[in-house]
>>> print(open('protein-v6.cif').read())   # mmCIF, C-alpha atoms (C1' of nucleotides)
data_upload
#
loop_
_atom_site.label_atom_id
_atom_site.label_comp_id
_atom_site.auth_asym_id
_atom_site.auth_seq_id
_atom_site.Cartn_x
_atom_site.Cartn_y
_atom_site.Cartn_z
CA MET A 1 144.02 -170.64 -129.41
CA THR A 2 142.17 -168.48 -127.02
CA HIS A 3 140.35 -170.12 -124.18
CA PRO A 4 139.57 -168.67 -120.78
CA ASN A 5 142.26 -169.61 -118.29
CA ARG A 6 141.46 -170.63 -114.79
CA SER A 7 142.42 -167.93 -112.34
CA GLU A 8 144.74 -170.33 -110.50
CA GLU A 9 146.72 -170.77 -113.68
CA ARG A 10 147.40 -167.07 -114.08
CA ARG A 11 149.84 -164.98 -112.19
CA ALA A 12 148.24 -162.44 -109.89
CA ALA A 13 147.83 -159.13 -111.66
CA LYS A 14 149.78 -156.15 -110.34
CA PRO A 15 148.61 -152.56 -110.86
CA ILE A 16 150.32 -150.66 -113.65
CA VAL A 17 152.22 -147.56 -112.56
CA ARG A 18 151.03 -144.09 -113.52
CA GLY A 19 154.04 -143.46 -115.73
CA PHE A 20 152.73 -146.10 -118.12
CA TYR A 21 149.82 -143.79 -118.96
CA ASN A 22 151.95 -140.66 -119.11
CA ARG A 23 152.73 -141.25 -122.79
CA ASP A 24 151.22 -140.83 -126.23
CA PRO A 25 147.76 -142.49 -126.37
CA ARG A 26 148.89 -144.47 -129.40
CA ILE A 27 151.59 -146.14 -127.33
CA VAL A 28 149.31 -146.65 -124.34
CA ALA A 29 146.51 -148.09 -126.48
CA ARG A 30 148.90 -150.62 -127.99
CA GLU A 31 150.48 -151.59 -124.70
CA LEU A 32 147.20 -151.92 -122.82
CA LEU A 33 146.43 -154.95 -124.98
CA GLY A 34 146.81 -158.08 -122.86
CA LYS A 35 146.45 -156.22 -119.57
CA VAL A 36 143.61 -157.04 -117.18
CA LEU A 37 140.70 -154.84 -116.16
CA ILE A 38 139.59 -155.61 -112.63
CA ARG A 39 136.46 -154.64 -110.73
CA GLU A 40 136.22 -155.45 -107.04
CA GLU A 41 132.64 -155.96 -105.94
CA ARG A 42 131.38 -157.06 -102.56
CA GLU A 43 130.19 -160.30 -104.17
CA GLY A 44 133.56 -160.97 -105.74
CA ARG A 45 135.97 -159.97 -108.45
CA LEU A 46 135.40 -159.30 -112.13
CA ALA A 47 138.44 -159.64 -114.36
CA ALA A 48 138.84 -159.55 -118.11
CA ARG A 49 141.73 -159.17 -120.51
CA ILE A 50 141.88 -156.10 -122.74
CA VAL A 51 141.92 -157.26 -126.37
CA GLU A 52 140.91 -154.12 -128.27
CA THR A 53 141.52 -150.39 -127.74
CA GLU A 54 141.38 -147.08 -129.56
CA ALA A 55 143.57 -144.02 -129.11
CA TYR A 56 142.11 -140.50 -128.92
CA LEU A 57 144.67 -137.80 -129.27
CA GLY A 58 143.35 -134.68 -127.62
CA THR A 59 142.77 -131.27 -129.12
CA ASP A 60 144.40 -132.16 -132.45
CA ASP A 61 142.08 -135.11 -133.03
CA ALA A 62 138.75 -134.07 -134.57
CA ALA A 63 137.13 -137.35 -133.53
CA ALA A 64 138.07 -136.99 -129.86
CA HIS A 65 135.75 -135.62 -127.21
CA SER A 66 138.58 -133.35 -126.18
CA ALA A 67 138.84 -131.77 -129.66
CA ALA A 68 136.75 -128.71 -128.78
CA GLY A 69 138.58 -128.04 -125.54
CA LYS A 70 138.00 -128.73 -121.91
CA THR A 71 134.44 -128.92 -120.57
CA ALA A 72 132.88 -130.30 -117.40
CA ARG A 73 132.16 -133.49 -119.26
CA ASN A 74 135.64 -134.29 -120.59
CA ALA A 75 137.71 -132.69 -117.81
CA VAL A 76 139.30 -136.02 -116.85
CA LEU A 77 140.95 -136.28 -120.27
CA PHE A 78 142.75 -133.01 -119.56
CA GLY A 79 143.80 -134.10 -116.09
CA PRO A 80 146.67 -136.34 -114.97
CA PRO A 81 147.20 -139.78 -116.57
CA GLY A 82 145.73 -143.04 -115.33
CA PHE A 83 142.21 -141.88 -114.49
CA VAL A 84 138.86 -143.14 -115.71
CA TYR A 85 136.81 -141.10 -118.18
CA VAL A 86 133.30 -142.47 -118.60
CA TYR A 87 130.84 -140.93 -121.01
CA PHE A 88 127.22 -141.65 -121.81
CA ILE A 89 126.35 -142.09 -125.46
CA TYR A 90 123.19 -142.44 -127.55
CA GLY A 91 121.13 -142.16 -124.40
CA VAL A 92 121.84 -145.82 -123.80
CA HIS A 93 125.47 -146.78 -123.24
CA TYR A 94 128.44 -145.92 -121.10
CA CYS A 95 131.98 -146.22 -122.49
CA LEU A 96 135.23 -146.61 -120.54
CA ASN A 97 138.40 -144.62 -121.24
CA VAL A 98 141.66 -144.05 -119.42
CA SER A 99 143.35 -140.66 -119.48
CA CYS A 100 146.85 -140.34 -120.91
CA LEU A 101 149.58 -137.69 -121.01
CA PRO A 102 150.44 -135.22 -118.23
CA ASP A 103 148.04 -132.93 -116.42
CA GLY A 104 146.95 -130.17 -118.79
CA THR A 105 147.36 -132.24 -121.96
CA ALA A 106 144.34 -134.11 -123.31
CA GLY A 107 144.46 -137.68 -124.49
CA GLY A 108 142.90 -141.01 -123.76
CA VAL A 109 142.37 -144.62 -124.67
CA LEU A 110 138.96 -146.18 -125.21
CA ILE A 111 138.64 -149.79 -124.05
CA ARG A 112 136.66 -151.48 -126.81
CA ALA A 113 136.62 -155.20 -126.01
CA LEU A 114 137.58 -157.65 -123.27
CA GLU A 115 138.06 -161.37 -122.90
CA PRO A 116 136.25 -162.50 -119.71
CA LEU A 117 138.45 -164.26 -117.14
CA GLU A 118 136.80 -164.12 -113.71
CA GLY A 119 133.32 -163.38 -112.42
CA ILE A 120 131.63 -164.43 -115.63
CA ALA A 121 128.34 -165.21 -113.89
CA MET A 122 128.26 -161.69 -112.44
CA MET A 123 129.02 -160.16 -115.82
CA ALA A 124 126.12 -162.07 -117.31
CA ARG A 125 123.85 -160.89 -114.51
CA ASN A 126 124.88 -157.28 -115.13
CA ARG A 127 124.15 -157.75 -118.82
CA GLU A 128 120.86 -159.51 -118.06
CA ILE A 129 121.97 -162.45 -120.16
CA GLU A 130 121.21 -166.04 -119.25
CA LEU A 131 124.29 -168.19 -119.70
CA SER A 132 124.06 -171.88 -120.44
CA GLU A 133 125.62 -174.49 -118.12
CA SER A 134 128.99 -174.44 -119.86
CA PRO A 135 128.99 -171.29 -121.98
CA ARG A 136 130.72 -171.42 -125.31
CA VAL A 137 132.74 -168.65 -126.89
CA PRO A 138 129.85 -166.86 -128.65
CA GLU A 139 128.04 -166.41 -125.35
CA LEU A 140 131.11 -165.20 -123.50
CA ARG A 141 131.87 -162.93 -126.40
CA SER A 142 128.49 -161.25 -126.16
CA LEU A 143 129.31 -160.19 -122.59
CA THR A 144 132.17 -157.83 -123.32
CA SER A 145 132.85 -157.49 -127.08
CA GLY A 146 132.09 -153.80 -127.50
CA PRO A 147 132.53 -150.66 -125.44
CA GLY A 148 128.89 -150.43 -124.35
CA ARG A 149 128.72 -154.12 -123.55
CA LEU A 150 131.84 -154.27 -121.42
CA ALA A 151 130.76 -151.21 -119.45
CA GLU A 152 127.47 -152.88 -118.68
CA ALA A 153 129.15 -156.20 -117.77
CA PHE A 154 131.43 -154.38 -115.32
CA GLY A 155 128.69 -152.17 -113.95
CA ILE A 156 130.54 -149.08 -115.11
CA THR A 157 128.60 -145.81 -115.08
CA ARG A 158 129.62 -142.17 -115.16
CA PRO A 159 128.21 -141.30 -111.74
CA ARG A 160 129.95 -144.26 -110.14
CA ASP A 161 133.28 -144.41 -111.93
CA ASN A 162 134.22 -141.19 -113.75
CA GLY A 163 137.46 -139.83 -112.32
CA LYS A 164 138.63 -143.01 -110.58
CA ASP A 165 142.33 -143.91 -110.40
CA VAL A 166 143.11 -147.15 -112.24
CA THR A 167 146.67 -147.39 -110.92
CA SER A 168 145.75 -148.39 -107.37
CA LYS A 169 144.37 -151.61 -105.97
CA ALA A 170 142.82 -149.46 -103.27
CA GLY A 171 140.11 -148.51 -105.75
CA ASP A 172 137.42 -150.87 -106.97
CA LEU A 173 138.29 -150.42 -110.65
CA TRP A 174 141.90 -150.82 -111.74
CA ILE A 175 144.10 -152.24 -114.48
CA GLY A 176 146.77 -154.84 -113.81
CA ASP A 177 149.52 -156.75 -115.55
CA ASP A 178 149.58 -160.51 -115.04
CA GLY A 179 152.54 -161.15 -117.31
CA TYR A 180 150.43 -162.27 -120.26
CA ALA A 181 152.47 -162.13 -123.46
CA VAL A 182 150.61 -160.57 -126.37
CA GLY A 183 151.38 -161.96 -129.79
CA GLU A 184 150.84 -160.04 -132.99
CA ILE A 185 148.90 -156.78 -132.85
CA VAL A 186 146.77 -155.51 -135.72
CA THR A 187 145.65 -151.93 -136.29
CA GLY A 188 142.72 -150.46 -138.16
CA PRO A 189 140.50 -147.43 -138.44
CA ARG A 190 138.51 -146.39 -135.40
CA VAL A 191 134.87 -147.38 -135.18
CA GLY A 192 131.72 -145.27 -135.05
CA ILE A 193 133.28 -141.89 -135.71
CA THR A 194 132.55 -139.44 -138.51
CA LYS A 195 135.71 -137.33 -138.42
CA ALA A 196 139.41 -138.09 -138.74
CA MET A 197 138.57 -141.58 -139.91
CA ASP A 198 141.77 -142.05 -141.87
CA HIS A 199 143.94 -142.84 -138.87
CA PRO A 200 144.74 -146.43 -137.87
CA LEU A 201 144.22 -145.78 -134.18
CA ARG A 202 142.35 -148.97 -133.32
CA PHE A 203 144.47 -151.75 -131.87
CA MET A 204 143.56 -155.43 -131.51
CA ILE A 205 145.25 -158.65 -130.52
CA ALA A 206 145.55 -160.52 -133.82
CA GLY A 207 143.18 -163.44 -134.12
CA ASN A 208 141.57 -162.88 -130.75
CA THR A 209 138.00 -164.10 -130.71
CA TYR A 210 136.76 -161.40 -128.37
CA VAL A 211 137.39 -158.29 -130.45
CA SER A 212 134.25 -156.28 -131.24
CA GLY A 213 132.39 -156.19 -134.48
CA LYS A 214 131.27 -158.98 -136.73
CA ARG A 215 131.85 -162.56 -135.80
CA PRO A 216 135.52 -163.38 -136.30
CA ALA A 217 136.74 -166.39 -138.22
CA ALA A 218 135.21 -169.54 -136.76
CA SER A 219 137.13 -171.03 -133.90
CA GLY A 220 136.60 -173.40 -131.01
CA ARG A 221 133.53 -175.33 -132.00
"C1'" DG B 1 123.13 -163.48 -143.16
"C1'" DA B 2 123.04 -158.62 -144.07
"C1'" DG B 3 121.40 -154.11 -143.58
"C1'" DG B 4 118.75 -150.44 -141.51
"C1'" DA B 5 116.49 -147.87 -138.02
"C1'" DG B 6 115.04 -146.93 -133.23
"C1'" DA B 7 116.19 -146.31 -128.49
"C1'" DT B 8 116.84 -142.34 -125.19
"C1'" DC B 9 119.40 -138.53 -122.74
"C1'" DG B 10 123.50 -135.73 -121.51
"C1'" DT B 11 126.07 -132.26 -123.53
"C1'" DC B 12 127.08 -128.42 -126.29
"C1'" DT B 13 125.47 -124.80 -129.92
"C1'" DG C 1 117.43 -128.25 -130.70
"C1'" DA C 2 120.60 -131.60 -132.72
"C1'" DC C 3 123.45 -135.34 -132.35
"C1'" DG C 4 126.65 -138.87 -130.63
"C1'" DA C 5 133.77 -143.04 -129.71
"C1'" DT C 6 126.65 -148.16 -129.61
"C1'" DC C 7 123.60 -152.12 -129.30
"C1'" DT C 8 119.62 -154.69 -130.43
"C1'" DC C 9 115.89 -156.03 -132.89
"C1'" DC C 10 113.38 -156.38 -136.99
"C1'" DT C 11 112.84 -157.00 -141.92
"C1'" DC C 12 114.29 -158.57 -146.25
"C1'" DT C 13 116.82 -161.79 -149.05
#
>>> encode(input="protein-v6.cif", output="structure tokens")
Amino acid sequence: MTHPNRSEERRAAKPIVRGFYNRDPRIVARELLGKVLIREEREGRLAARIVETEAYLGTDDAAAHSAAGKTARNAVLFGPPGFVYVYFIYGVHYCLNVSCLPDGTAGGVLIRALEPLEGIAMMARNREIELSESPRVPELRSLTSGPGRLAEAFGITRPRDNGKDVTSKAGDLWIGDDGYAVGEIVTGPRVGITKAMDHPLRFMIAGNTYVSGKRPAASGR
DNA sequence: GAGGAGATCGTCT
DNA sequence: GACGATCTCCTCT
């Protein structure tokens, strides 16, 4: 069963080395599941486990932003691995990606959903959501179950975060490994795209309540 | 409960 | 000038 762990009960997360990202986005997307996204704010730390990702393959992938070649907007995807690519979509939302593959080769992973661990009150404030006294899963889920939502919960914007290095604790936005063991992983088609839809490039932790999309099978009630 | 449309603006044609 | 790697709200059933 999935329930938020107390921070004391988890091992401290350690940053993931750059080499981890210097691989095919399909591998990186799969292996990022279970890792922890961390935002250091003056008021405290935000932390949430990555439970859903999508791989975008670069110039050969018609659905990827990098498909048409390098531009000012997508330059990070063509740069070295382990850096943040943030884009603004539909005039409303920011979405968080991490660059993959060596400098000069495009590729990236979109972070689609998180399971909140620490700083839940701050996430709710960022989302302008009022949490109840002891929030239940559906409320927590609404904080970070979707790329636009999680970006808002973590205060991620393009001006603030595009181009940041996620491999160093020195930054205020990084990804760590706390030793969490991921169980079964399921794949599916990517969401919200109109091209190259026949590739199972979406990865989720099987049975995890916090994946995006429609309400998952009832749990914890 | 399900389905559809509007929001709102940066980026590229 | 069109549209997008989304979310929310509203309407209809």
>>> interface_residues(input="protein-v6.cif", of="chain C", to="chain A", cutoff="7 Å", atoms="all atoms listed in the file", output="list in words")
DG4, DA5 and DT6 of chain C
>>> interface_residues(input="protein-v6.cif", of="chain B", to="chain A", cutoff="10 Å", atoms="all atoms listed in the file", output="JSON, numbers by chain")
{"B": [7, 8, 9, 10, 11, 12]}
>>> closest_residue(input="protein-v6.cif", among="A:Leu140, A:Asp61, A:Asp161, A:Gly183", to="Ala113 of chain A", atoms="only C-alpha atoms")
A:Leu140
>>> axis_aligned_box(input="protein-v6.cif", around="chain B", padding_each_side="6 Å", output="lines of an AutoDock Vina configuration file")
center_x = 121.1
center_y = -144.1
center_z = -132.8
size_x = 24.0
size_y = 50.7
size_z = 34.6
>>> residues_around(input="protein-v6.cif", residues="DC12 of chain C", least_positions_apart="4", cutoff="12 Å", atoms="all atoms listed in the file", output="MDAnalysis selection string")
chainID B and resid 1:4
>>> write_last_selection(input="protein-v6.cif", atoms="C-alpha atoms (C1' of nucleotides)", output="PDB file, keeping the file's coordinate frame")
ATOM      1  C1'  DG B   1     123.130-163.480-143.160  1.00  0.00           C
ATOM      2  C1'  DA B   2     123.040-158.620-144.070  1.00  0.00           C
ATOM      3  C1'  DG B   3     121.400-154.110-143.580  1.00  0.00           C
ATOM      4  C1'  DG B   4     118.750-150.440-141.510  1.00  0.00           C
TER       5       DG B   4
END
>>> resolve_selection(input="protein-v6.cif", expression="the PyMOL selection byres ((chain C and resi 9) around 12)", output="ChimeraX atom specification")
/B:4-7 /C:7-8,10-11
>>> resolve_selection(input="protein-v6.cif", expression="the PyMOL selection byres ((chain A and resi 142) around 10)", output="JSON, numbers by chain")
{"A": [124, 127, 129, 137, 138, 139, 140, 141, 143, 144, 145, 146, 149, 150, 153, 210, 212]}
>>> atom_distance(input="protein-v6.cif", atom1="atom CA of Val166 of chain A", atom2="atom CA of Ala75 of chain A")
16.4 Å
>>> resolve_selection(input="protein-v6.cif", expression="the PyMOL selection byres ((chain A and resi 205) around 6)", output="PyMOL selection string")
chain A and resi 51+185+204+206+208
>>> atom_distance(input="protein-v6.cif", atom1="atom CA of Lys35 of chain A", atom2="atom CA of Ser132 of chain A")
27.3 Å
>>> atom_distance(input="protein-v6.cif", atom1="atom CA of Ala121 of chain A", atom2="atom CA of Asn162 of chain A")
24.7 Å
>>> residues_around(input="protein-v6.cif", residues="Arg125 of chain A", least_positions_apart="3", cutoff="12 Å", atoms="only C-alpha atoms (C1' of nucleotides)", output="ChimeraX atom specification")
/A:46,119-122,128-131,143,152-155
>>> write_last_selection(input="protein-v6.cif", atoms="C-alpha atoms", output="compact mmCIF listing (two decimals), in the frame of the given file")
# COMPACT_ATOMS: atom_id res chain seq x y z
CA LEU A 46 135.40 -159.30 -112.13
CA GLY A 119 133.32 -163.38 -112.42
CA ILE A 120 131.63 -164.43 -115.63
CA ALA A 121 128.34 -165.21 -113.89
CA MET A 122 128.26 -161.69 -112.44
CA GLU A 128 120.86 -159.51 -118.06
CA ILE A 129 121.97 -162.45 -120.16
CA GLU A 130 121.21 -166.04 -119.25
CA LEU A 131 124.29 -168.19 -119.70
CA LEU A 143 129.31 -160.19 -122.59
CA GLU A 152 127.47 -152.88 -118.68
CA ALA A 153 129.15 -156.20 -117.77
CA PHE A 154 131.43 -154.38 -115.32
CA GLY A 155 128.69 -152.17 -113.95
>>> residues_around(input="protein-v6.cif", residues="segment 30-32 of chain A", least_positions_apart="6", cutoff="10 Å", atoms="all atoms listed in the file", output="PDB file with C-alpha atoms, in the coordinates of the input")
ATOM      1  CA  ILE A  16     150.320-150.660-113.650  1.00  0.00           C
ATOM      2  CA  PHE A  20     152.730-146.100-118.120  1.00  0.00           C
ATOM      3  CA  TYR A  21     149.820-143.790-118.960  1.00  0.00           C
ATOM      4  CA  ARG A  49     141.730-159.170-120.510  1.00  0.00           C
ATOM      5  CA  ILE A  50     141.880-156.100-122.740  1.00  0.00           C
ATOM      6  CA  VAL A  51     141.920-157.260-126.370  1.00  0.00           C
ATOM      7  CA  GLU A  52     140.910-154.120-128.270  1.00  0.00           C
ATOM      8  CA  THR A  53     141.520-150.390-127.740  1.00  0.00           C
ATOM      9  CA  GLU A  54     141.380-147.080-129.560  1.00  0.00           C
ATOM     10  CA  ALA A  55     143.570-144.020-129.110  1.00  0.00           C
ATOM     11  CA  VAL A 109     142.370-144.620-124.670  1.00  0.00           C
ATOM     12  CA  ILE A 111     138.640-149.790-124.050  1.00  0.00           C
ATOM     13  CA  ILE A 175     144.100-152.240-114.480  1.00  0.00           C
ATOM     14  CA  GLY A 176     146.770-154.840-113.810  1.00  0.00           C
ATOM     15  CA  ASP A 177     149.520-156.750-115.550  1.00  0.00           C
ATOM     16  CA  VAL A 182     150.610-160.570-126.370  1.00  0.00           C
ATOM     17  CA  ILE A 185     148.900-156.780-132.850  1.00  0.00           C
ATOM     18  CA  VAL A 186     146.770-155.510-135.720  1.00  0.00           C
ATOM     19  CA  THR A 187     145.650-151.930-136.290  1.00  0.00           C
ATOM     20  CA  LEU A 201     144.220-145.780-134.180  1.00  0.00           C
ATOM     21  CA  ARG A 202     142.350-148.970-133.320  1.00  0.00           C
ATOM     22  CA  PHE A 203     144.470-151.750-131.870  1.00  0.00           C
ATOM     23  CA  MET A 204     143.560-155.430-131.510  1.00  0.00           C
ATOM     24  CA  ILE A 205     145.250-158.650-130.520  1.00  0.00           C
TER      25      ILE A 205
END
>>> closest_residue(input="protein-v6.cif", among="A:Ala13, A:Cys100, A:Ala67, A:Met197", to="Arg26 of chain A", atoms="only C-alpha atoms")
A:Cys100
>>> residues_around(input="protein-v6.cif", residues="Glu40 of chain A", least_positions_apart="6", cutoff="9 Å", atoms="all atoms listed in the file", output="list in words")
Leu46, Ala47, Gly171, Asp172, Leu173 and Trp174 of chain A
>>> write_last_selection(input="protein-v6.cif", atoms="C-alpha atoms", output="CSV table (one decimal), in the frame of the given file")
chain,number,residue,atom,x,y,z
A,46,LEU,CA,135.4,-159.3,-112.1
A,47,ALA,CA,138.4,-159.6,-114.4
A,171,GLY,CA,140.1,-148.5,-105.8
A,172,ASP,CA,137.4,-150.9,-107.0
A,173,LEU,CA,138.3,-150.4,-110.6
A,174,TRP,CA,141.9,-150.8,-111.7
